[in-house]
Structure formats: C-alpha cells, structure tokens
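Peer 1: Sending over a structure as structure tokens; questions will come in a sec.
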Amino acid sequence: MLRLLKFSLGVLVAVLLVTFFTLYFMFGMNIYEPPEAESSLFVRGGQLFRGVDARVENNPGMLIVDGRIICLGNLCEPRPDSRVIDATGLSIVPGLIELHGHFAAITADNADLNLTRLAWNMVRMRPDVRRRLHESGVTSFRSVGDPRDFIRELKAYLEGGELSGPRLFAAGPIFTAPGGHPTREGRDPNPSGFGGNMAFQSDDPEAIRAEVALLAEQGGDGIKAVFHGAASESGTTLLPTLSEESLRTLVDEAHAHDMWVAVHVGPLDETKTAIRAGADTIEHGVRAGNLVDAETLRLLVDNEVVYVPTLGREPMGYLNIPALYEAGVTIGVGTDTNNPAMRYGDSYHQELQALVNAGMPDVEVLLAATRNGAKALGMEDTLGTLEAGHLADLLLVQGAPWNDIAELRNIRMVIQNGLVVMDRE
Ligand SMILES: [Zn+2]
C-alpha cells in the first residue's frame, strides 16, 4: 500500500515537472520585472505641466531622489550620482491614473490565448497587462473588483519590487446584494474561482461591516459597492440591490479605516442616495435613460465626489458631460476595461478622447487623468501633480497634450517612483 502511494506521488511530481517545463519553453518565463534601481535622476529641459492647473512652463530642472521629486525649480542641480535625462523638445506631465480597472479581465489582449497560455499568464500575474499599462503611461491603477486573493498577492509583489507595473490601489471583491450585479444568478463572477471570489454577496449590515474591517486589516485601499437594481425601462427592478442601511454601514466602516468607497450606480434616485450615503466616487454615472439633474449636480459638488463616467462602457454618458463640467463636478478617468472588445492602455486613451468629444477642453481632460485621479484616491498631497515632495511619477511625451489630448499617446519615457520603467529612445 505504502509502495503504491509513493509510486503515485512520484508520478504526480513527474507530471507537474513536465507541465512546468513545457509551459516554460512554450511561453517563456518573462514576468516583467522592475529595472535596476537608480538612486537619483535629474530631468532638464522641456515643457512642464505640473497638473495643478492649466499652466505650462519651461522645466526649471527636476531632481528625483529615492522615488520622490525633492527639488523642482531654478536652484535645483543634479547630484554627482544623478542620471541626467534631457527632455528638450518634449513635454513633462504627471503619470496617468486609471480609476476604474479590473486587472484579471478577459480583454482583446488575451481573448485569443488558449486556456493553457491564459492560465500561465495568470500564474505570472499578467505581465502583458502590466507592461501594456506602462507603455500607455498608466502609472496608477485602481482595481474596483478582482479576485480577492489574486489582487492582494499582486499588490504585495508590486510593492515588494518583485514585479513591475503601475501602483496598485485595490478594493478586492465587489460588495453586492445576494444575486445582485455582477453575479450570475448568484454565482460568483470569477467562474474558475482561481485567486478567490470576486463578489461579496450580502445585504446584512453587520456581515458587511465585518468584511470591510477584514479587508482593511488585509491592506485593502478601498471598497467597491454596487448600488444599482438594474431596473428595466418600465422601472421594474430586475436585480436585487443593497439596502440603503447596508450601503451606509459599508461607507461608515470604510471611512473609519481611511478607505475610499467607489459606488456603481445607474438610475438617478439611486445615484442621489449613494452620494448622500457618502460615496467618494460615482462609477459609470447616471444612466439607464436618465440624465443628471440640478440636485444631483449640487450633491456631487457639495460632497466633493469624483464622477467616473467610463464612457467606453457607457457611451450615452457623454450626454451628461457638459452639465457636469459646467457645474464644476470633479471628473475622473476610468475605462472599465472588461470585455474582449477592449484593450488595456488603448482603452485609456480612447476614454480621454471620448471626454474631449463630449465637450471637455483637452487641458481639463489632462487634469482629470492626473490631479483628479489622485483626489479620488485620497492621494492629492503626493500623487497626480508634479511638485517638490511628491512621488516621482511622470511621462515625457512628444507634443502638447494640453492642446490636443491625442498627443498623449506619443510617450517617449515613463518614470514611476523614480524608476525609468519605459524608455522608447
Ligand atoms: Zn467595472
């Protein structure tokens, strides 16, 4: 009996080894690791867009040490160990912030991969996605719904410097009522279960409070909730949604742990309730045939909510943009890249163009992608703008994206946390 067991174990180990080496030689082991650390960078020349307001100036000189801008002005000098980067002829803008991301989604990037290759890709924590985001200038990524263990593990690898990729701000699973969006008749939206559940289904305020506290303890940055009954055109509620009490409890507990709360909404009344309950960001915006009204605009402004319209997923949302912009609502950029018709990175630049087409000036869209993104993350004191003391996340681009947002695609170099993570020269 024992001999048989030993034999089976041996066979199992052999099969695993053969599988590993087959995958390794078929698809490679490139996991997209960070570049060699540099203690200091000095960026000279070029046009500087700090991202505080619409102003553009000649770059007076920027010294970066240990991941931060420590000097930005005429008196700044390179240190003897600084690598000098010449930005003459280029524009310097803050790194881009994706506010509505799903890291583990099936998209055009991977929809054509066969199952083995897809699994291998996931096991390596999606090097394709991390690389593509960097190439598109995305240096911060807010995950608003991903398999809970997968995303926490990825964040640890990124923060530990073992893997390269944008700064990750993660919500973990999506809070929704039992059977609510995005479950499939009560089944978790992560069908394989690989990396953990993607939804937390409960409408019990105390269970919700406990789960938020657990995620906070595990290092989560925020909470994503669905407060949308997906009503039909005649007004019938098609899917269960959280009670107002559940939503208020969720917000209360999240804020007690200094976490942001992103709320997916739809109809107008639910949107107003979500803002009154304390949502920090409104995801997708008012839709389902509704338009924002004066009361919603006032609520958004008074409560300093960041509105993330995800026009790539909700094209009709463009109708609300002029009213939001005129009213002074803070608009953020999120793509919801989450289906085989979309591609990571590309979808971000499409979203920027869609906001311009909807009526926002190019420079305001650039501010939405940077300064406003940091505000949504509660990081406006260190991220999203280029100032002394801030984190060194910046792009060198060819052209003047504040005049034409399409020129933001011409990225020559991406610096994140003081590291040159992408260099096209
Ligand atoms: Zn989404």
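FYI, nothing fancy with the structure tokens labels: chains A, B, ... in order, residues from 1 per chain, ligands from 1 as they appear.
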Within 9 Å of ligand 1 (counting only C-alpha atoms and all ligand atoms), which residues show up? I'd like them as a VMD selection string.
Peer 2: chain A and resid 100 to 102 143 to 145 264 283 to 284 310 313 334 to 338
Peer 1: Selection from above, C-alpha atoms, as a PDB file, in the first residue's frame, can you write it?
Peer 2:
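Now in result-v3.pdb:
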ATOM      1  CA  HIS A 100     -11.941  52.034 -12.924  1.00  0.00           C
ATOM      2  CA  GLY A 101      -9.844  48.968 -13.630  1.00  0.00           C
ATOM      3  CA  HIS A 102     -10.243  45.201 -13.415  1.00  0.00           C
ATOM      4  CA  SER A 143      -8.789  47.928  -9.142  1.00  0.00           C
ATOM      5  CA  VAL A 144     -12.515  48.138  -8.426  1.00  0.00           C
ATOM      6  CA  GLY A 145     -13.246  44.425  -8.428  1.00  0.00           C
ATOM      7  CA  HIS A 264     -21.522  51.681  -9.144  1.00  0.00           C
ATOM      8  CA  GLU A 283     -18.858  54.786 -11.109  1.00  0.00           C
ATOM      9  CA  HIS A 284     -20.382  54.800 -14.613  1.00  0.00           C
ATOM     10  CA  THR A 310     -16.494  55.208 -18.054  1.00  0.00           C
ATOM     11  CA  ARG A 313     -18.589  51.187 -21.430  1.00  0.00           C
ATOM     12  CA  GLY A 334     -11.794  55.184 -15.680  1.00  0.00           C
ATOM     13  CA  THR A 335     -12.152  52.686 -18.502  1.00  0.00           C
ATOM     14  CA  ASP A 336     -13.787  49.552 -17.082  1.00  0.00           C
ATOM     15  CA  THR A 337     -11.648  47.518 -19.485  1.00  0.00           C
ATOM     16  CA  ASN A 338     -13.508  44.290 -19.004  1.00  0.00           C
TER      17      ASN A 338
END
Peer 1: Residues at most 9 Å from segment 67-77 of chain A, counting only C-alpha atoms, excluding those fewer than 6 positions away in the same chain, as a ChimeraX atom specification?
Peer 2: /A:39-40,42,59-61,386-393,416-419
Peer 1: I'd like the contact shell of Gly399 of chain A - 10 Å cut-off, only C-alpha atoms, skipping same-chain residues fewer than 5 positions apart - returned as a ChimeraX atom specification.
Peer 2: /A:47,89-92,404-411
Peer 1: I'd like the contact shell of Ile174 of chain A - 10 Å cut-off, only C-alpha atoms, skipping same-chain residues fewer than 2 positions apart - returned as an mmCIF file with N, CA and C atoms, in the first residue's frame.
Peer 2:
data_model
loop_
_atom_site.group_PDB
_atom_site.id
_atom_site.type_symbol
_atom_site.label_atom_id
_atom_site.label_comp_id
_atom_site.auth_asym_id
_atom_site.auth_seq_id
_atom_site.Cartn_x
_atom_site.Cartn_y
_atom_site.Cartn_z
ATOM 1 N N VAL A 144 -11.209 48.064 -9.090
ATOM 2 C CA VAL A 144 -12.515 48.138 -8.426
ATOM 3 C C VAL A 144 -13.283 46.832 -8.616
ATOM 4 N N GLY A 145 -12.605 45.726 -8.325
ATOM 5 C CA GLY A 145 -13.246 44.425 -8.428
ATOM 6 C C GLY A 145 -12.346 43.452 -9.145
ATOM 7 N N ASP A 146 -11.759 42.541 -8.375
ATOM 8 C CA ASP A 146 -10.881 41.493 -8.899
ATOM 9 C C ASP A 146 -10.910 40.346 -7.899
ATOM 10 N N PRO A 147 -10.507 39.144 -8.321
ATOM 11 C CA PRO A 147 -10.436 38.038 -7.359
ATOM 12 C C PRO A 147 -9.605 38.459 -6.138
ATOM 13 N N ARG A 148 -10.178 38.293 -4.965
ATOM 14 C CA ARG A 148 -9.632 38.950 -3.775
ATOM 15 C C ARG A 148 -8.205 38.547 -3.417
ATOM 16 N N ALA A 171 -9.538 47.381 -4.295
ATOM 17 C CA ALA A 171 -10.740 47.223 -3.488
ATOM 18 C C ALA A 171 -10.955 45.764 -3.097
ATOM 19 N N GLY A 172 -10.406 44.831 -3.875
ATOM 20 C CA GLY A 172 -10.719 43.423 -3.620
ATOM 21 C C GLY A 172 -12.063 43.066 -4.230
ATOM 22 N N THR A 176 -22.105 43.404 -3.076
ATOM 23 C CA THR A 176 -23.392 43.461 -3.758
ATOM 24 C C THR A 176 -24.407 42.632 -2.971
ATOM 25 N N ALA A 177 -25.695 42.869 -3.245
ATOM 26 C CA ALA A 177 -26.741 42.069 -2.588
ATOM 27 C C ALA A 177 -26.680 40.637 -3.124
ATOM 28 N N HIS A 181 -25.927 42.481 -9.256
ATOM 29 C CA HIS A 181 -24.877 42.680 -10.251
ATOM 30 C C HIS A 181 -23.524 42.655 -9.545
ATOM 31 N N PRO A 182 -22.442 42.072 -10.040
ATOM 32 C CA PRO A 182 -22.297 41.352 -11.309
ATOM 33 C C PRO A 182 -22.327 39.837 -11.147
ATOM 34 N N THR A 183 -23.096 39.304 -10.200
ATOM 35 C CA THR A 183 -23.152 37.841 -10.075
ATOM 36 C C THR A 183 -24.003 37.296 -11.214
ATOM 37 N N PRO A 189 -18.813 36.066 -10.087
ATOM 38 C CA PRO A 189 -18.361 36.442 -11.444
ATOM 39 C C PRO A 189 -16.994 35.871 -11.835
ATOM 40 N N ASN A 197 -12.854 34.688 -4.652
ATOM 41 C CA ASN A 197 -14.116 35.264 -5.134
ATOM 42 C C ASN A 197 -13.948 36.708 -5.553
ATOM 43 N N MET A 198 -14.805 37.115 -6.501
ATOM 44 C CA MET A 198 -14.759 38.483 -6.993
ATOM 45 C C MET A 198 -15.933 39.296 -6.464
ATOM 46 N N ALA A 199 -16.874 38.629 -5.811
ATOM 47 C CA ALA A 199 -18.007 39.353 -5.232
ATOM 48 C C ALA A 199 -18.194 38.930 -3.784
ATOM 49 N N PHE A 200 -18.627 39.882 -2.938
ATOM 50 C CA PHE A 200 -19.050 39.570 -1.585
ATOM 51 C C PHE A 200 -20.539 39.843 -1.546
ATOM 52 N N GLN A 201 -21.327 38.769 -1.478
ATOM 53 C CA GLN A 201 -22.773 38.903 -1.581
ATOM 54 C C GLN A 201 -23.415 38.871 -0.204
ATOM 55 N N ILE A 223 -13.202 50.318 -1.003
ATOM 56 C CA ILE A 223 -14.302 49.364 -1.146
ATOM 57 C C ILE A 223 -15.094 49.727 -2.397
ATOM 58 N N LYS A 224 -15.472 48.688 -3.140
ATOM 59 C CA LYS A 224 -16.337 48.871 -4.311
ATOM 60 C C LYS A 224 -17.698 48.268 -3.984
ATOM 61 N N ALA A 225 -18.746 49.034 -4.220
ATOM 62 C CA ALA A 225 -20.094 48.534 -3.981
ATOM 63 C C ALA A 225 -20.961 48.770 -5.197
ATOM 64 N N VAL A 226 -21.883 47.850 -5.426
ATOM 65 C CA VAL A 226 -22.880 48.036 -6.479
ATOM 66 C C VAL A 226 -24.172 48.456 -5.807
ATOM 67 N N ALA A 262 -16.087 53.399 -3.724
ATOM 68 C CA ALA A 262 -16.496 53.595 -5.122
ATOM 69 C C ALA A 262 -17.841 52.912 -5.303
ATOM 70 N N VAL A 263 -18.841 53.659 -5.755
ATOM 71 C CA VAL A 263 -20.171 53.069 -5.884
ATOM 72 C C VAL A 263 -20.650 53.082 -7.335
ATOM 73 N N HIS A 264 -20.953 51.884 -7.805
ATOM 74 C CA HIS A 264 -21.522 51.681 -9.144
ATOM 75 C C HIS A 264 -23.018 52.015 -9.051
#
Peer 1: May I have the residues within 9 Å of Ala327 of chain A as a list in words, using only C-alpha atoms and disregarding those fewer than 6 positions away in the same chain?
Peer 2: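 The filter keeps Ala294, Leu297, Arg298 and Val301 of chain A.
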Peer 1: Running DSSP on the backbone, which parts of segment 290-333 of chain A land in strand (DSSP E), as a PyMOL selection string?
Peer 2: chain A and resi 306-308+330-331
